[in-house]
>>> print(open('final-v5.txt').read())   # compact mmCIF, C-alpha atoms
# COMPACT_ATOMS: atom_id res chain seq x y z
CA MET A 177 -32.13 -23.83 37.50
CA THR A 178 -29.66 -22.66 40.11
CA LEU A 179 -29.39 -19.15 41.43
CA PRO A 180 -26.51 -16.89 40.38
CA TYR A 181 -23.68 -16.21 42.80
CA SER A 182 -24.15 -13.17 45.03
CA ASN A 183 -22.95 -9.78 43.84
CA ASP A 184 -20.77 -9.52 46.96
CA LEU A 185 -18.81 -12.65 46.01
CA ARG A 186 -18.55 -11.48 42.41
CA GLU A 187 -17.29 -8.05 43.46
CA ARG A 188 -14.67 -9.50 45.86
CA ALA A 189 -13.40 -11.91 43.21
CA VAL A 190 -13.19 -9.23 40.51
CA SER A 191 -11.52 -6.79 42.93
CA ALA A 192 -8.86 -9.40 43.64
CA VAL A 193 -8.24 -9.93 39.92
CA VAL A 194 -8.08 -6.17 39.29
CA ALA A 195 -5.62 -5.87 42.22
CA GLY A 196 -3.28 -8.21 40.36
CA GLU A 197 -4.00 -11.70 41.66
CA THR A 198 -4.18 -14.47 39.10
CA THR A 199 -7.50 -15.98 38.19
CA ARG A 200 -6.51 -19.39 39.50
CA VAL A 201 -5.51 -18.04 42.92
CA VAL A 202 -8.80 -16.14 43.16
CA THR A 203 -10.84 -19.22 42.21
CA GLU A 204 -9.12 -21.33 44.88
CA ARG A 205 -9.66 -18.65 47.53
CA PHE A 206 -13.36 -18.16 46.77
CA GLY A 207 -14.19 -21.73 45.72
CA VAL A 208 -15.66 -20.92 42.33
CA ALA A 209 -14.86 -22.06 38.80
CA VAL A 210 -12.13 -20.39 36.76
CA SER A 211 -14.63 -19.70 33.98
CA SER A 212 -16.88 -17.84 36.43
CA VAL A 213 -14.15 -15.44 37.52
CA ILE A 214 -13.09 -14.88 33.91
CA LYS A 215 -16.67 -14.10 32.87
CA TRP A 216 -17.25 -11.81 35.86
CA HIS A 217 -14.05 -9.91 35.10
CA GLN A 218 -14.99 -9.65 31.43
CA ARG A 219 -18.46 -8.34 32.36
CA TYR A 220 -16.86 -5.84 34.72
CA ARG A 221 -14.53 -4.56 31.97
CA GLU A 222 -17.40 -4.26 29.46
CA THR A 223 -20.17 -2.84 31.66
CA GLY A 224 -18.56 -1.70 34.90
CA SER A 225 -20.82 -4.06 36.85
CA VAL A 226 -20.59 -7.68 37.92
CA ALA A 227 -24.35 -8.12 38.36
CA PRO A 228 -25.81 -11.09 36.47
CA ASP A 229 -28.18 -10.72 33.52
CA ARG A 230 -31.81 -11.72 33.82
CA MET A 231 -32.29 -15.46 33.87
CA GLY A 232 -35.04 -17.38 32.13
CA GLY A 233 -37.97 -15.72 30.49
CA ARG A 234 -40.63 -16.65 28.00
CA ARG A 235 -40.12 -17.41 24.37
CA LYS A 236 -42.16 -15.61 21.77
CA ILE A 237 -44.90 -17.75 20.20
CA ILE A 238 -43.52 -18.17 16.68
CA LEU A 239 -46.84 -19.07 15.05
CA GLU A 240 -48.87 -16.21 16.53
CA SER A 241 -48.36 -14.06 13.43
CA HIS A 242 -49.78 -16.92 11.30
CA ARG A 243 -52.80 -17.51 13.54
CA ASP A 244 -55.41 -16.42 10.98
CA PHE A 245 -53.92 -18.65 8.27
CA ILE A 246 -53.83 -21.67 10.59
CA LEU A 247 -57.40 -21.22 11.82
CA GLU A 248 -58.64 -20.74 8.26
CA ALA A 249 -56.82 -23.88 7.10
CA MET A 250 -58.32 -25.85 10.00
CA ALA A 251 -61.83 -24.59 9.20
CA ARG A 252 -61.40 -25.37 5.50
CA THR A 253 -59.99 -28.86 6.10
CA PRO A 254 -61.17 -30.26 9.47
CA HIS A 255 -59.33 -33.56 8.96
CA LEU A 256 -55.98 -31.77 8.52
CA THR A 257 -53.22 -33.37 10.59
CA ILE A 258 -50.45 -31.62 12.48
CA ARG A 259 -47.93 -32.86 9.91
CA GLY A 260 -50.20 -31.59 7.11
CA LEU A 261 -50.44 -28.20 8.77
CA GLN A 262 -46.68 -28.20 9.22
CA ALA A 263 -46.31 -28.84 5.47
CA LEU A 264 -48.73 -25.99 4.62
CA LEU A 265 -46.71 -23.64 6.78
CA ALA A 266 -43.48 -24.81 5.13
CA GLU A 267 -44.98 -23.95 1.74
CA ARG A 268 -45.44 -20.40 3.05
CA GLY A 269 -41.79 -20.32 4.17
CA VAL A 270 -42.51 -20.93 7.86
CA HIS A 271 -40.36 -23.87 8.95
CA VAL A 272 -41.40 -25.05 12.42
CA SER A 273 -41.29 -28.32 14.30
CA HIS A 274 -44.17 -30.73 14.78
CA HIS A 275 -44.12 -29.83 18.46
CA ALA A 276 -44.42 -26.08 17.79
CA VAL A 277 -47.56 -26.69 15.71
CA TRP A 278 -48.99 -29.00 18.36
CA LYS A 279 -48.35 -26.45 21.14
CA PHE A 280 -50.00 -23.69 19.12
CA LEU A 281 -53.10 -25.80 18.44
CA HIS A 282 -53.27 -26.88 22.07
CA ARG A 283 -53.09 -23.24 23.20
CA GLU A 284 -55.92 -22.40 20.80
CA GLY A 285 -58.05 -25.22 22.23
CA LEU A 286 -58.05 -27.22 18.99
CA SER A 287 -57.71 -30.97 19.20
CA PHE A 288 -57.46 -33.98 16.93
CA LYS A 289 -59.38 -36.41 19.09
CA LYS A 290 -61.78 -38.71 17.31
CA ASN A 291 -65.40 -37.71 17.63
CA ALA A 292 -68.27 -40.05 16.81
CA VAL A 293 -70.50 -37.09 15.90
CA ARG A 294 -68.03 -35.63 13.41
CA PRO A 295 -67.91 -37.38 10.00
>>> encode(input="final-v5.txt", output="C-alpha cells")
Amino acid sequence: MTLPYSNDLRERAVSAVVAGETTRVVTERFGVAVSSVIKWHQRYRETGSVAPDRMGGRRKIILESHRDFILEAMARTPHLTIRGLQALLAERGVHVSHHAVWKFLHREGLSFKKNAVRP
C-alpha cells in the first residue's frame, strides 16, 4: 500500500482551487490526478481539513460471537468438516465463507489433519 500525499501538497492544491484556479490546471502544476484534487477539495469543504483518513486496520472477527456454538459443535461431532460447519452456521442465519470458517478454526488451534490415534 502506498503512502498518502503530504498535507503540504494537499493544502497547496486546495488553496489554488479555492483561489479560483481550475482543477485541471492545479493537477498539471502539482503533478497529481484530477480525482485526487477533487477529493481533497471535497474533504476540505466537508471537514475544513485536507488530512487523510486512517489507512488500513484490522477487520473484526465475524465468528467470534459464535465461538461457543462452534466449539460445542466440534466437540459433539469431531469428524465435522469445514463445509459442514459452514452449513450449521448457515442454518443459524450466519452466512460466512469457507475461508472465514477455516481462519477461525486455525486461530483456535483446531485442525482437520488425519490422526492415526483418532478413530
>>> axis_aligned_box(input="final-v5.txt", around="stretch 193-209 of chain A", padding_each_side="6 Å", output="lines of an AutoDock Vina configuration file")
center_x = -9.5
center_y = -14.0
center_z = 42.9
size_x = 24.4
size_y = 28.2
size_z = 21.3
>>> residues_around(input="final-v5.txt", residues="stretch 229-242 of chain A", least_positions_apart="6", cutoff="10 Å", atoms="only C-alpha atoms", output="ChimeraX atom specification")
/A:177-180,265,268,270,272,276-277,279-281
>>> write_last_selection(input="final-v5.txt", atoms="C-alpha atoms", output="short mmCIF file (atom, residue, chain, number, x, y, z; two decimals), in the coordinates of the input")
data_model
loop_
_atom_site.label_atom_id
_atom_site.label_comp_id
_atom_site.auth_asym_id
_atom_site.auth_seq_id
_atom_site.Cartn_x
_atom_site.Cartn_y
_atom_site.Cartn_z
CA MET A 177 -32.13 -23.83 37.50
CA THR A 178 -29.66 -22.66 40.11
CA LEU A 179 -29.39 -19.15 41.43
CA PRO A 180 -26.51 -16.89 40.38
CA LEU A 265 -46.71 -23.64 6.78
CA ARG A 268 -45.44 -20.40 3.05
CA VAL A 270 -42.51 -20.93 7.86
CA VAL A 272 -41.40 -25.05 12.42
CA ALA A 276 -44.42 -26.08 17.79
CA VAL A 277 -47.56 -26.69 15.71
CA LYS A 279 -48.35 -26.45 21.14
CA PHE A 280 -50.00 -23.69 19.12
CA LEU A 281 -53.10 -25.80 18.44
#
>>> closest_residue(input="final-v5.txt", among="A:Ala189, A:Val208, A:Leu247, A:Leu264", to="A:Tyr220", atoms="all atoms listed in the file")
A:Ala189
>>> closest_residue(input="final-v5.txt", among="A:Val210, A:Ala227, A:Thr203, A:Ser287", to="A:Pro254", atoms="only C-alpha atoms")
A:Ser287
>>> residues_around(input="final-v5.txt", residues="A:Ser182", least_positions_apart="3", cutoff="10 Å", atoms="all atoms listed in the file", output="list in words")
Leu179, Leu185, Arg186, Glu187, Val226, Ala227 and Pro228 of chain A
>>> write_last_selection(input="final-v5.txt", atoms="C-alpha atoms", output="short mmCIF file (atom, residue, chain, number, x, y, z; two decimals), in the coordinates of the input")
data_model
loop_
_atom_site.label_atom_id
_atom_site.label_comp_id
_atom_site.auth_asym_id
_atom_site.auth_seq_id
_atom_site.Cartn_x
_atom_site.Cartn_y
_atom_site.Cartn_z
CA LEU A 179 -29.39 -19.15 41.43
CA LEU A 185 -18.81 -12.65 46.01
CA ARG A 186 -18.55 -11.48 42.41
CA GLU A 187 -17.29 -8.05 43.46
CA VAL A 226 -20.59 -7.68 37.92
CA ALA A 227 -24.35 -8.12 38.36
CA PRO A 228 -25.81 -11.09 36.47
#
>>> build_atoms(input="final-v5.txt", residues="stretch 211-225 of chain A", atoms="N, CA and C atoms", output="PDB file, keeping the file's coordinate frame")
ATOM      1  N   SER A 211     -13.826 -20.342  35.020  1.00  0.00           N
ATOM      2  CA  SER A 211     -14.630 -19.700  33.980  1.00  0.00           C
ATOM      3  C   SER A 211     -15.544 -18.626  34.580  1.00  0.00           C
ATOM      4  N   SER A 212     -16.017 -18.840  35.799  1.00  0.00           N
ATOM      5  CA  SER A 212     -16.880 -17.840  36.430  1.00  0.00           C
ATOM      6  C   SER A 212     -16.127 -16.547  36.666  1.00  0.00           C
ATOM      7  N   VAL A 213     -14.946 -16.647  37.229  1.00  0.00           N
ATOM      8  CA  VAL A 213     -14.150 -15.440  37.520  1.00  0.00           C
ATOM      9  C   VAL A 213     -13.783 -14.731  36.222  1.00  0.00           C
ATOM     10  N   ILE A 214     -13.437 -15.492  35.205  1.00  0.00           N
ATOM     11  CA  ILE A 214     -13.090 -14.880  33.910  1.00  0.00           C
ATOM     12  C   ILE A 214     -14.289 -14.136  33.345  1.00  0.00           C
ATOM     13  N   LYS A 215     -15.464 -14.751  33.393  1.00  0.00           N
ATOM     14  CA  LYS A 215     -16.670 -14.100  32.870  1.00  0.00           C
ATOM     15  C   LYS A 215     -17.056 -12.885  33.693  1.00  0.00           C
ATOM     16  N   TRP A 216     -16.927 -12.961  35.019  1.00  0.00           N
ATOM     17  CA  TRP A 216     -17.250 -11.810  35.860  1.00  0.00           C
ATOM     18  C   TRP A 216     -16.316 -10.647  35.557  1.00  0.00           C
ATOM     19  N   HIS A 217     -15.032 -10.963  35.401  1.00  0.00           N
ATOM     20  CA  HIS A 217     -14.050  -9.910  35.100  1.00  0.00           C
ATOM     21  C   HIS A 217     -14.324  -9.308  33.722  1.00  0.00           C
ATOM     22  N   GLN A 218     -14.656 -10.133  32.781  1.00  0.00           N
ATOM     23  CA  GLN A 218     -14.990  -9.650  31.430  1.00  0.00           C
ATOM     24  C   GLN A 218     -16.221  -8.750  31.478  1.00  0.00           C
ATOM     25  N   ARG A 219     -17.250  -9.163  32.218  1.00  0.00           N
ATOM     26  CA  ARG A 219     -18.460  -8.340  32.360  1.00  0.00           C
ATOM     27  C   ARG A 219     -18.133  -7.011  33.019  1.00  0.00           C
ATOM     28  N   TYR A 220     -17.256  -7.058  34.026  1.00  0.00           N
ATOM     29  CA  TYR A 220     -16.860  -5.840  34.720  1.00  0.00           C
ATOM     30  C   TYR A 220     -16.147  -4.872  33.775  1.00  0.00           C
ATOM     31  N   ARG A 221     -15.256  -5.408  32.930  1.00  0.00           N
ATOM     32  CA  ARG A 221     -14.530  -4.560  31.970  1.00  0.00           C
ATOM     33  C   ARG A 221     -15.476  -3.955  30.936  1.00  0.00           C
ATOM     34  N   GLU A 222     -16.482  -4.735  30.510  1.00  0.00           N
ATOM     35  CA  GLU A 222     -17.400  -4.260  29.460  1.00  0.00           C
ATOM     36  C   GLU A 222     -18.477  -3.313  29.982  1.00  0.00           C
ATOM     37  N   THR A 223     -19.017  -3.606  31.180  1.00  0.00           N
ATOM     38  CA  THR A 223     -20.170  -2.840  31.660  1.00  0.00           C
ATOM     39  C   THR A 223     -19.903  -2.036  32.932  1.00  0.00           C
ATOM     40  N   GLY A 224     -18.827  -2.368  33.635  1.00  0.00           N
ATOM     41  CA  GLY A 224     -18.560  -1.700  34.900  1.00  0.00           C
ATOM     42  C   GLY A 224     -19.322  -2.314  36.060  1.00  0.00           C
ATOM     43  N   SER A 225     -20.038  -3.393  35.819  1.00  0.00           N
ATOM     44  CA  SER A 225     -20.820  -4.060  36.850  1.00  0.00           C
ATOM     45  C   SER A 225     -20.599  -5.565  36.754  1.00  0.00           C
TER      46      SER A 225
END
